[in-house]
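K.L.:
Here you go, start-v9.txt (compact mmCIF, C-alpha atoms):
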# COMPACT_ATOMS: atom_id res chain seq x y z
CA MET P 17 92.15 -31.36 -135.00
CA MET P 18 92.48 -33.85 -132.14
CA ASN P 19 93.98 -32.71 -128.86
CA LYS P 20 97.30 -34.57 -128.47
CA ILE P 21 99.52 -35.20 -125.47
CA ASN P 22 103.08 -36.10 -126.51
CA GLY P 23 101.86 -37.58 -129.80
CA TYR P 24 98.95 -39.65 -128.48
CA THR P 25 95.41 -38.36 -128.67
CA GLU P 26 93.92 -37.57 -125.29
CA GLU P 27 91.70 -40.66 -125.66
CA GLU P 28 94.74 -42.86 -126.40
CA ALA P 29 96.58 -41.42 -123.40
CA ILE P 30 93.58 -42.12 -121.14
CA GLY P 31 93.34 -45.65 -122.57
CA LEU P 32 97.00 -46.36 -121.93
CA ILE P 33 96.96 -45.00 -118.38
CA GLU P 34 93.77 -46.94 -117.54
CA TYR P 35 95.35 -50.09 -119.03
CA ILE P 36 98.54 -49.66 -117.01
CA TYR P 37 96.63 -48.81 -113.83
CA ALA P 38 94.33 -51.85 -114.13
CA GLY P 39 97.25 -54.12 -115.05
CA LYS P 40 99.40 -52.99 -112.13
CA ASN P 41 96.46 -53.53 -109.76
CA ALA P 42 96.14 -57.04 -111.18
CA GLY P 43 99.81 -57.68 -110.36
CA LYS P 44 101.19 -57.43 -113.90
CA THR P 45 104.67 -56.07 -114.54
CA LEU P 46 105.15 -52.86 -116.47
CA SER P 47 107.23 -54.71 -119.03
CA TYR P 48 104.37 -57.13 -119.67
CA LEU P 49 101.85 -54.29 -119.85
CA PHE P 50 103.98 -52.30 -122.33
CA GLU P 51 104.34 -55.37 -124.52
CA THR P 52 100.67 -56.40 -124.47
CA TYR P 53 99.40 -52.86 -124.93
CA GLY P 54 101.82 -52.44 -127.82
CA SER P 55 100.63 -55.67 -129.45
CA GLU P 56 96.98 -54.72 -129.08
CA HIS P 57 97.52 -51.21 -130.50
CA SER P 58 100.19 -51.89 -133.16
CA ARG P 59 102.90 -50.04 -131.26
CA ALA P 60 106.37 -51.18 -130.27
CA LYS P 61 106.86 -52.12 -126.62
CA GLY P 62 109.71 -49.59 -126.31
CA SER P 63 107.57 -46.88 -127.85
CA VAL P 64 104.78 -47.52 -125.32
CA ARG P 65 107.30 -47.53 -122.46
CA ASN P 66 108.89 -44.28 -123.62
CA TYR P 67 105.49 -42.63 -124.02
CA TYR P 68 104.36 -43.77 -120.56
CA TYR P 69 107.41 -42.32 -118.82
CA ALA P 70 107.30 -39.10 -120.83
CA PHE P 71 103.60 -38.80 -119.94
CA LEU P 72 104.30 -39.21 -116.22
CA LYS P 73 106.85 -36.41 -116.39
CA LYS P 74 104.34 -33.91 -117.87
CA GLN P 75 102.89 -32.99 -114.48
CA ASP P 76 102.78 -29.33 -115.55
CA ASP P 77 99.96 -30.21 -118.00
CA ALA P 78 96.50 -30.02 -116.37
CA ARG P 79 95.20 -32.75 -118.70
CA VAL P 80 97.93 -35.11 -117.52
CA ARG P 81 97.22 -34.35 -113.86
CA LYS P 82 93.50 -35.00 -114.45
CA ILE P 83 94.18 -38.35 -116.18
CA LEU P 84 96.53 -39.44 -113.38
CA ASP P 85 94.28 -38.19 -110.57
CA GLY P 86 93.59 -40.92 -108.01
CA LYS P 87 96.04 -43.35 -109.61
CA ASP P 88 99.25 -44.19 -107.84
CA LEU P 89 101.36 -44.22 -110.99
CA HIS P 90 104.79 -42.70 -110.86
CA ALA P 91 108.20 -43.12 -112.40
CA GLY P 92 111.07 -43.89 -110.11
CA THR P 93 114.02 -41.60 -110.23
CA ILE P 94 116.81 -42.64 -112.53
CA LYS P 95 119.97 -43.34 -110.60
CA PRO P 96 122.90 -42.90 -112.96
CA PHE P 97 126.06 -44.96 -112.55
CA THR P 98 129.00 -43.13 -111.04
CA GLU P 99 132.37 -43.41 -112.78
CA GLU P 100 133.52 -45.74 -110.01
CA GLU P 101 130.45 -47.98 -110.40
CA THR P 102 130.96 -48.05 -114.16
CA GLU P 103 134.59 -49.11 -113.77
CA GLN P 104 133.62 -51.78 -111.23
CA LEU P 105 130.92 -53.07 -113.58
CA LEU P 106 133.40 -53.34 -116.45
CA GLU P 107 135.96 -55.09 -114.24
CA LYS P 108 133.42 -57.62 -112.95
CA VAL P 109 131.91 -58.38 -116.35
CA LEU P 110 135.31 -58.73 -118.00
CA ALA P 111 136.64 -60.88 -115.15
CA GLY P 112 133.65 -63.19 -115.64
CA ARG P 113 134.16 -63.23 -119.41
CA LYS P 114 137.82 -64.11 -118.85
CA ARG P 115 136.66 -67.11 -116.78
CA GLY P 116 134.47 -68.17 -119.71
CA LEU P 117 131.14 -66.89 -118.39
CA SER P 118 128.59 -65.14 -120.58
CA VAL P 119 128.01 -61.43 -120.08
CA ARG P 120 124.60 -62.19 -118.60
CA ARG P 121 126.04 -64.73 -116.12
CA SER P 122 128.82 -62.31 -115.17
CA ILE P 123 126.26 -59.60 -114.48
CA LEU P 124 124.09 -62.01 -112.49
CA GLU P 125 127.08 -62.75 -110.25
CA ALA P 126 128.02 -59.07 -110.00
CA SER P 127 124.46 -58.14 -109.00
CA GLY P 128 124.31 -60.78 -106.29
CA GLY P 129 121.04 -62.06 -107.78
CA ASP P 130 119.21 -58.72 -107.35
CA GLY P 131 116.92 -58.64 -110.41
CA LYS P 132 116.55 -54.87 -110.60
CA LEU P 133 120.26 -54.30 -110.16
CA MET P 134 120.99 -56.97 -112.75
CA LEU P 135 118.74 -55.27 -115.30
CA ARG P 136 120.28 -51.90 -114.53
CA MET P 137 123.81 -53.31 -114.90
CA GLN P 138 122.91 -55.15 -118.09
CA ASN P 139 121.49 -51.98 -119.63
CA LYS P 140 124.57 -50.00 -118.58
CA TYR P 141 126.93 -52.58 -120.06
CA ARG P 142 124.95 -52.68 -123.31
CA ASN P 143 125.02 -48.90 -123.41
CA LEU P 144 128.80 -48.90 -122.90
CA LEU P 145 129.26 -51.38 -125.74
CA LYS P 146 127.17 -49.28 -128.05
CA LYS P 147 128.23 -45.76 -127.11
CA GLN P 148 131.71 -46.19 -125.64
CA PRO P 149 133.21 -49.25 -127.36
CA GLU P 150 136.72 -47.84 -127.00
CA ARG P 151 136.26 -47.75 -123.21
CA VAL P 152 135.21 -51.42 -123.16
CA GLU P 153 138.15 -52.35 -125.43
CA LYS P 154 140.57 -50.46 -123.18
CA ALA P 155 139.22 -52.18 -120.05
CA ALA P 156 139.36 -55.57 -121.81
CA LYS P 157 143.01 -55.02 -122.74
CA ALA P 158 143.76 -53.93 -119.16
CA ALA P 159 142.12 -57.18 -117.99
CA GLY P 160 144.38 -59.12 -120.37
CA MET P 161 141.75 -60.06 -122.91
CA SER P 162 140.34 -58.81 -126.17
CA GLU P 163 136.62 -58.22 -125.83
CA ILE P 164 134.82 -58.30 -129.15
CA ASN P 165 132.15 -55.63 -129.31
CA PRO P 166 129.06 -57.42 -130.68
CA PHE P 167 127.63 -54.18 -132.05
CA LEU P 168 130.81 -53.48 -134.00
CA GLN P 169 131.04 -57.12 -135.05
CA LYS P 170 127.49 -57.07 -136.49
CA ARG P 171 128.20 -53.80 -138.26
CA LEU P 172 131.38 -55.24 -139.75
CA GLU P 173 129.50 -58.37 -140.86
CA ARG P 174 126.85 -56.20 -142.58
CA GLU P 175 129.55 -54.19 -144.31
CA ILE P 176 131.27 -57.39 -145.50
CA ASP P 177 127.94 -58.75 -146.78
CA ALA P 178 127.30 -55.48 -148.62
CA LEU P 179 130.78 -55.64 -150.14
CA TYR P 180 130.17 -59.20 -151.37
CA ALA P 181 126.86 -58.10 -152.86
CA ARG P 182 128.53 -55.17 -154.68
CA ILE P 183 131.32 -57.40 -155.99
CA ALA P 184 128.82 -60.03 -157.13
CA GLU P 185 126.77 -57.37 -158.95
CA GLU P 186 129.88 -55.98 -160.63
CA LEU P 187 130.95 -59.49 -161.70
CA LYS P 188 127.48 -60.18 -163.06
CA ARG P 189 127.58 -56.99 -165.16
CA GLU P 190 131.11 -57.79 -166.38
CA ASN P 191 130.01 -61.32 -167.28
CA GLU P 192 127.02 -59.95 -169.24
CA ARG P 193 129.29 -57.49 -171.06
CA LEU P 194 131.78 -60.22 -172.00
CA ARG P 195 128.97 -62.52 -173.12
CA ALA P 196 127.58 -59.76 -175.37
CA GLU P 197 131.07 -59.16 -176.76
CA LEU P 198 131.51 -62.89 -177.46
CA ASP P 199 128.12 -63.05 -179.17
CA ALA P 200 129.10 -60.05 -181.30
CA LEU P 201 132.38 -61.71 -182.29
CA LYS P 202 130.56 -64.95 -183.17
CA GLY P 203 128.19 -62.92 -185.33
CA GLU P 204 131.13 -61.46 -187.31
CA GLN P 205 132.40 -64.88 -188.40
Before we go any further, please render this structure as structure tokens.

P.N.:
Amino acid sequence: MMNKINGYTEEEAIGLIEYIYAGKNAGKTLSYLFETYGSEHSRAKGSVRNYYYAFLKKQDDARVRKILDGKDLHAGTIKPFTEEETEQLLEKVLAGRKRGLSVRRSILEASGGDGKLMLRMQNKYRNLLKKQPERVEKAAKAAGMSEINPFLQKRLEREIDALYARIAEELKRENERLRAELDALKGEQ
């Protein structure tokens, strides 16, 4: 059995770390490296990213330390949003939306053009929409608008499509039944 580290074989882990190390030294972004590595190895970009960060956190594993030895690869610390920052983010995004701006444009303004902050804010807002839609709805109402949650909207659209499909299938079966009944009646004449 192959020796695995977090689901990758040791050879795959070494290959990924060497790829990231060489790419970073060549000035490539991590996002680009995750995407290209994923394409070359039939893995999703997000899966590669998640593996990479999980790997970096396994410093208690001697194999991991050996693979990382001499490479300046590290994961930055995650700085969670405070409640106050979250409320300010919602207020700024919703104020921008109320003025007719897109969410992305509202976040760009709120971040002051700081790319890293913008990405962080965008991810937080997306996470709020997905995991705390009632909070976004409440803030939207407080801002005097009705924010439509795109995640809920897509879910509702899928449910409506599924309902149409079920109704169409039921109508098709009913039509076939009636046709058979009509044919039977014609045969009795």

K.L.:
May I ask which of the residues P:Tyr141, P:Tyr24, P:Leu124, P:Lys170 is the closest one to Ser63 (chain P), counting all atoms listed in the file?

P.N.:
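Result for the nearest residue to Ser63 (chain P): P:Tyr24.
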
K.L.:
Between P:Gln138, P:Asn191, P:Ser58, P:Thr52, which is the closest to Ile123 (chain P) once you count only C-alpha atoms?

P.N.:
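Counting only C-alpha atoms, the residue closest to Ile123 (chain P) is P:Gln138.
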
K.L.:
To one decimal place, how far is CA of Tyr53 (chain P) from CA of Lys20 (chain P) in Å?

P.N.:
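A separation of 18.7 Å between them.
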
K.L.:
Identify which of the residues P:Asp199, P:Leu89, P:His57, P:Arg113 lies closest to Gln75 (chain P), counting all atoms listed in the file when measuring atom-to-atom distances.

P.N.:
P:Leu89

K.L.:
Measuring between all atoms listed in the file, which one of P:Arg59, P:Lys202, P:Glu186, P:Ala91 shows the shortest distance to Lys73 (chain P)?

P.N.:
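Result for the nearest residue to Lys73 (chain P): P:Ala91.
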
K.L.:
Can you tell me which residues surround region 95-100 of chain P at a distance of at most 9 Å, considering all atoms listed in the file, apart from same-chain residues fewer than 4 positions away, and format the answer as a PyMOL selection string?

P.N.:
chain P and resi 104-105+137+140

K.L.:
Of the candidates P:Lys154, P:Lys146, P:Lys108, P:His90, which one gets nearest to Glu125 (chain P) if we count all atoms listed in the file?

P.N.:
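Closest candidate: P:Lys108.
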
K.L.:
What separation in Å, quoted to one decimal, exists between CA of Met161 (chain P) and CA of Lys114 (chain P)?

P.N.:
7.0 Å

K.L.:
So the first atom is CA of Ser47 (chain P) and the second is CA of Met134 (chain P); what is the distance between them in Å, to one decimal place?

P.N.:
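Distance between the two atoms: 15.3 Å.
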
K.L.:
With distances taken over only C-alpha atoms, which residue among P:Thr25, P:Asn41, P:Asn143, P:Gln148 lies nearest Asp88 (chain P)?

P.N.:
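The shortest atom-to-atom distance to Asp88 (chain P) comes from P:Asn41.
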
K.L.:
Please list as a list in words every residue within 12 Å of Ala111 (chain P), counting all atoms listed in the file and excluding residues in the same chain fewer than 2 positions away.

P.N.:
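My list of contacting residues is Gln104, Leu105, Leu106, Glu107, Lys108, Val109, Arg113, Lys114, Arg115, Gly116, Leu117, Ser118, Val119, Arg121, Ser122, Ile123, Glu125, Ala126, Ala155, Ala156, Lys157, Ala158, Ala159, Gly160, Met161, Ser162 and Glu163 of chain P.
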
K.L.:
Do a neighbour search on Tyr37 (chain P) at 12 Å with all atoms listed in the file, toss out local chain neighbours closer than 4 positions, and write the hits as a list in words.

P.N.:
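Selected residues are Ile30, Gly31, Leu32, Ile33, Asn41, Ala42, Gly43, Lys44, Thr45, Leu46, Leu49, Phe50, Tyr68, Ile83, Leu84, Asp85, Gly86, Lys87, Asp88, Leu89 and His90 of chain P.
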
K.L.:
Write a file of the selected residues as an mmCIF file, keeping the file's coordinate frame, keeping C-alpha atoms.

P.N.:
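Just written: out_1.cif:
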data_model
loop_
_atom_site.group_PDB
_atom_site.id
_atom_site.type_symbol
_atom_site.label_atom_id
_atom_site.label_comp_id
_atom_site.auth_asym_id
_atom_site.auth_seq_id
_atom_site.Cartn_x
_atom_site.Cartn_y
_atom_site.Cartn_z
ATOM 1 C CA ILE P 30 93.580 -42.120 -121.140
ATOM 2 C CA GLY P 31 93.340 -45.650 -122.570
ATOM 3 C CA LEU P 32 97.000 -46.360 -121.930
ATOM 4 C CA ILE P 33 96.960 -45.000 -118.380
ATOM 5 C CA ASN P 41 96.460 -53.530 -109.760
ATOM 6 C CA ALA P 42 96.140 -57.040 -111.180
ATOM 7 C CA GLY P 43 99.810 -57.680 -110.360
ATOM 8 C CA LYS P 44 101.190 -57.430 -113.900
ATOM 9 C CA THR P 45 104.670 -56.070 -114.540
ATOM 10 C CA LEU P 46 105.150 -52.860 -116.470
ATOM 11 C CA LEU P 49 101.850 -54.290 -119.850
ATOM 12 C CA PHE P 50 103.980 -52.300 -122.330
ATOM 13 C CA TYR P 68 104.360 -43.770 -120.560
ATOM 14 C CA ILE P 83 94.180 -38.350 -116.180
ATOM 15 C CA LEU P 84 96.530 -39.440 -113.380
ATOM 16 C CA ASP P 85 94.280 -38.190 -110.570
ATOM 17 C CA GLY P 86 93.590 -40.920 -108.010
ATOM 18 C CA LYS P 87 96.040 -43.350 -109.610
ATOM 19 C CA ASP P 88 99.250 -44.190 -107.840
ATOM 20 C CA LEU P 89 101.360 -44.220 -110.990
ATOM 21 C CA HIS P 90 104.790 -42.700 -110.860
#
